[in-house]
Structure formats: C-alpha cells, structure tokens
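For reference, the structure discussed in these notes is given below.
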Amino acid sequence: MGFAKMNEQEQALKLSALYKELAEKGTHLQFDDGIKDTNWIDAKAYIPDMTSNLDLFRVAEKQDKIIDMSCLVGSDIDCELGYPAPYTSGYTITKLKVIVEERGEIKYNNGCQNYSTCRVRQDHWHSWQGGDKCPLPEGLDCKFKFRGLHDAEGYSHSVNSDNSWQHTDSDLDIIAFKVLGIAEGYKYE
C-alpha cells in the first residue's frame with residue numbers, strides 16, 4: 001500500500017473518530033484559530049473533512065444549560081434571591097421584578113435591591129390558579145398536585161404539556177407545584 005493511501009486511511013479514521021465523539025457527547029465542534037487567548041472557538045463555519053488538519057479540531061465539553069429565569073419576571077411565583085457564599089447566608093423570599101446587567105454581571109431585582117443569585121422558591125407548595133402555559137423555567141425537577149389529588153414527580157416541561165397548566169375543570173389540572181431541585185444537565189447562572 002502506498003504512503004498516500006495509508007495517510008488517507010489514517011485521516012479517514014481520525015475524522016471518523018472525531019465525528020463519533022461528537023455524536024456521543026452531543027455537543028459541537030471547536031476550532032483552534034490560533035488568535036484568541038483561549039484559541040478554541042465554535043467551529044460553526046469550519047466543517048472538517050478529509051483535507052482538514054484535524055489537530056485543529058476538538059469536540060466541546062458538555063456544558064450544563066443555564067436556567068432562564070426571565071419567565072419569572074412579574075410573575076406571582078416566589079423566588080429566593082441572594083448572594084453567593086461567603087457574603088451572606090440564606091435567601092430573601094420575594095417576587096422577581098426585573099433582571100438587569102450591572103458591570104457585566106446579571107443581577108436579579110425585587111423592585112428594591114439587586115441580588116446576585118435567583119432561584120424558584122424550593123420545597124414550598126406554590127398555588128397555581130391556571131394560565132395559558134407552564135409558569136416555570138425549563139430545567140426544574142418538580143412535584144405536582146392535580147385537581148384529582150394525585151401526586152407526580154417529574155421534569156416541569158416534559159412531564160406536563162402547557163395544556164396541563166390550563167384549568168379545564170379536569171382531574172388532571174395542575175393546582176399546585178413544588179420545586180424539588182434542578183434537573184440533570186441544568187444549572188442556575
């Protein structure tokens with residue numbers, strides 16, 4: 001077998017291994033542009049093929065998805081606002097009025113003060129009077145109470161469709177929910 005043919009097979013194996021790792025991790029490719037301080041950028045415009053220098057590509061590490069708290073702005077759902085340790089212990093239970101950016105950082109405001117952290121009040125039954133869609137951000141593990149008084153635990157968006165949040169006088173209407181924690185693969189900002 002000639003040298004060129006052997007290099008072609010090696011390149012095909014490397015390319016196949018790269019795409020296999022990409023499929024297993026379920027993330028995206030990064031490209032070493034050699035310019036930025038970190039060098040690695042998302043490879044949106046760069047798709048490796050048999051002619052690419054595969055040493056310049058890698059599969060990005062899987063990152064937890066940030067829970068988007070913006071759906072809670074102006075809602076009646078209790079939030080726990082606070083500061084990261086060691087600045088304070090505990091949270092202030094209040095409503096989220098606005099999310100602002102202050103000196104490059106996200107801040108959560110209750111109408112009086114900015115806080116560094118925000119989460120839906122946990123281990124507390126929130127009453128639900130009905131609405132047109134799920135009131136919670138994606139990525140929370142919850143327990144539900146239904147009009148038929150049955151409990152169920154599960155992920156807030158995949159277990160219950162938006163129809164479950166509307167009140168139709170059905171036994172399956174959600175009348176209360178309790179946030180137990182964060183679903184795997186998610187994190188608060």
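Just remember, in the structure tokens the first chain shown is A, the second B, etc., residues are 1-based per chain, and ligands are 1-based in the order shown.
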query = If we count only C-alpha atoms, what is near stretch 77-84 of chain A at a cut-off of 10 Å, once residues fewer than 5 positions away on the same chain are taken out, given as a PyMOL selection string?
reply = chain A and resi 69+72+89-96+107-110+113-122+124+126-128+135-136
Please write the residues from the selection above to a file, keeping C-alpha atoms, as a compact mmCIF listing (two decimals), in the first residue's frame.
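Okay, this is what ended up in part.txt:
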```
# COMPACT_ATOMS: atom_id res chain seq x y z
CA MET A 69 -35.24 32.95 34.93
CA LEU A 72 -40.49 34.69 36.35
CA SER A 89 -26.29 33.00 54.23
CA GLY A 90 -29.87 32.40 53.30
CA TYR A 91 -32.14 33.98 50.77
CA THR A 92 -34.73 36.72 50.62
CA ILE A 93 -38.09 35.30 49.56
CA THR A 94 -39.69 37.78 47.20
CA LYS A 95 -41.04 38.29 43.68
CA LEU A 96 -38.67 38.87 40.78
CA LYS A 107 -28.48 40.94 38.72
CA TYR A 108 -31.94 39.99 39.93
CA ASN A 109 -34.08 42.81 41.32
CA ASN A 110 -37.16 42.63 43.54
CA GLN A 113 -32.46 45.81 45.58
CA ASN A 114 -30.21 43.89 43.21
CA TYR A 115 -29.15 40.34 44.11
CA SER A 116 -26.53 38.03 42.58
CA THR A 117 -28.50 34.79 42.66
CA CYS A 118 -32.07 33.79 41.93
CA ARG A 119 -33.96 30.53 42.04
CA VAL A 120 -37.58 29.47 42.31
CA ARG A 121 -38.51 29.02 45.97
CA GLN A 122 -37.83 25.37 46.75
CA HIS A 124 -42.67 25.07 49.13
CA HIS A 126 -46.89 27.15 45.08
CA SER A 127 -50.58 27.50 44.33
CA TRP A 128 -51.46 27.58 40.62
CA PRO A 135 -45.05 29.24 34.50
CA LEU A 136 -41.68 27.67 35.31
```
message = Among stretch 75-179 of chain A, which residues does DSSP mark as strand (DSSP E) when it is run on the backbone? Keep the chain and numbering as in the structure and answer as a PyMOL selection string.
response = chain A and resi 79-82+92-94+98-102+105-109+114-115+117-120+125-127+140-146+151-155+174-179
task = Give the alpha helix (DSSP H) residues of chain A, as DSSP finds them on the backbone, and put them as a ChimeraX atom specification.
result = /A:3-25,162-165
Take the residues from that selection and write them out as a compact mmCIF listing (two decimals), in the first residue's frame, keeping N, CA and C atoms.
```
# COMPACT_ATOMS: atom_id res chain seq x y z
N PHE A 3 2.22 5.21 0.43
CA PHE A 3 2.24 6.15 1.55
C PHE A 3 1.01 7.06 1.54
N ALA A 4 0.64 7.56 0.38
CA ALA A 4 -0.52 8.45 0.27
C ALA A 4 -1.80 7.73 0.66
N LYS A 5 -1.94 6.49 0.24
CA LYS A 5 -3.14 5.71 0.56
C LYS A 5 -3.22 5.44 2.06
N MET A 6 -2.07 5.15 2.70
CA MET A 6 -2.05 4.90 4.13
C MET A 6 -2.41 6.19 4.89
N ASN A 7 -1.90 7.31 4.48
CA ASN A 7 -2.24 8.58 5.12
C ASN A 7 -3.73 8.90 4.95
N GLU A 8 -4.26 8.55 3.81
CA GLU A 8 -5.68 8.77 3.55
C GLU A 8 -6.54 7.93 4.49
N GLN A 9 -6.13 6.68 4.72
CA GLN A 9 -6.86 5.82 5.66
C GLN A 9 -6.76 6.34 7.09
N GLU A 10 -5.56 6.77 7.49
CA GLU A 10 -5.38 7.33 8.83
C GLU A 10 -6.24 8.57 9.02
N GLN A 11 -6.28 9.41 8.00
CA GLN A 11 -7.09 10.64 8.06
C GLN A 11 -8.57 10.28 8.17
N ALA A 12 -9.00 9.28 7.43
CA ALA A 12 -10.40 8.86 7.49
C ALA A 12 -10.74 8.31 8.88
N LEU A 13 -9.82 7.55 9.48
CA LEU A 13 -10.05 7.02 10.83
C LEU A 13 -10.12 8.14 11.86
N LYS A 14 -9.22 9.12 11.75
CA LYS A 14 -9.23 10.26 12.67
C LYS A 14 -10.52 11.07 12.54
N LEU A 15 -10.93 11.28 11.28
CA LEU A 15 -12.15 12.04 11.03
C LEU A 15 -13.36 11.28 11.56
N SER A 16 -13.38 9.98 11.34
CA SER A 16 -14.47 9.15 11.84
C SER A 16 -14.52 9.17 13.37
N ALA A 17 -13.36 9.10 14.02
CA ALA A 17 -13.30 9.13 15.49
C ALA A 17 -13.79 10.48 16.02
N LEU A 18 -13.44 11.56 15.33
CA LEU A 18 -13.89 12.90 15.74
C LEU A 18 -15.41 12.99 15.68
N TYR A 19 -16.01 12.54 14.58
CA TYR A 19 -17.47 12.60 14.45
C TYR A 19 -18.17 11.62 15.39
N LYS A 20 -17.54 10.51 15.69
CA LYS A 20 -18.11 9.56 16.66
C LYS A 20 -18.16 10.19 18.04
N GLU A 21 -17.05 10.83 18.45
CA GLU A 21 -17.01 11.51 19.75
C GLU A 21 -18.05 12.64 19.79
N LEU A 22 -18.21 13.36 18.70
CA LEU A 22 -19.20 14.43 18.62
C LEU A 22 -20.61 13.86 18.83
N ALA A 23 -20.91 12.76 18.20
CA ALA A 23 -22.23 12.14 18.35
C ALA A 23 -22.45 11.64 19.78
N GLU A 24 -21.42 11.08 20.39
CA GLU A 24 -21.55 10.56 21.76
C GLU A 24 -21.75 11.68 22.78
N LYS A 25 -21.03 12.78 22.63
CA LYS A 25 -21.13 13.88 23.59
C LYS A 25 -22.34 14.76 23.32
N ASP A 162 -48.27 22.25 28.13
CA ASP A 162 -48.88 23.51 28.54
C ASP A 162 -50.37 23.34 28.82
N ASN A 163 -51.01 22.35 28.16
CA ASN A 163 -52.43 22.10 28.41
C ASN A 163 -52.69 21.72 29.86
N SER A 164 -51.74 21.04 30.51
CA SER A 164 -51.92 20.64 31.90
C SER A 164 -51.96 21.84 32.84
N TRP A 165 -51.36 22.94 32.41
CA TRP A 165 -51.31 24.14 33.26
C TRP A 165 -52.59 24.96 33.14
```
key: Close residues, stretch 42-44 of chain A itself excluded, 8 Å, only C-alpha atoms, min 2 positions apart in chain, as a PyMOL selection string   = chain A and resi 28-31+40+46-47
Distance criterion (only C-alpha atoms): nearest to A:Leu180 out of A:Leu140, A:Leu56, A:Val98, A:Ala45 = A:Leu140
remark   = Of A:Ile41, A:Ile106, A:Leu54, A:Ala60, the one nearest to A:Glu189 when counting only C-alpha atoms is A:Ile106
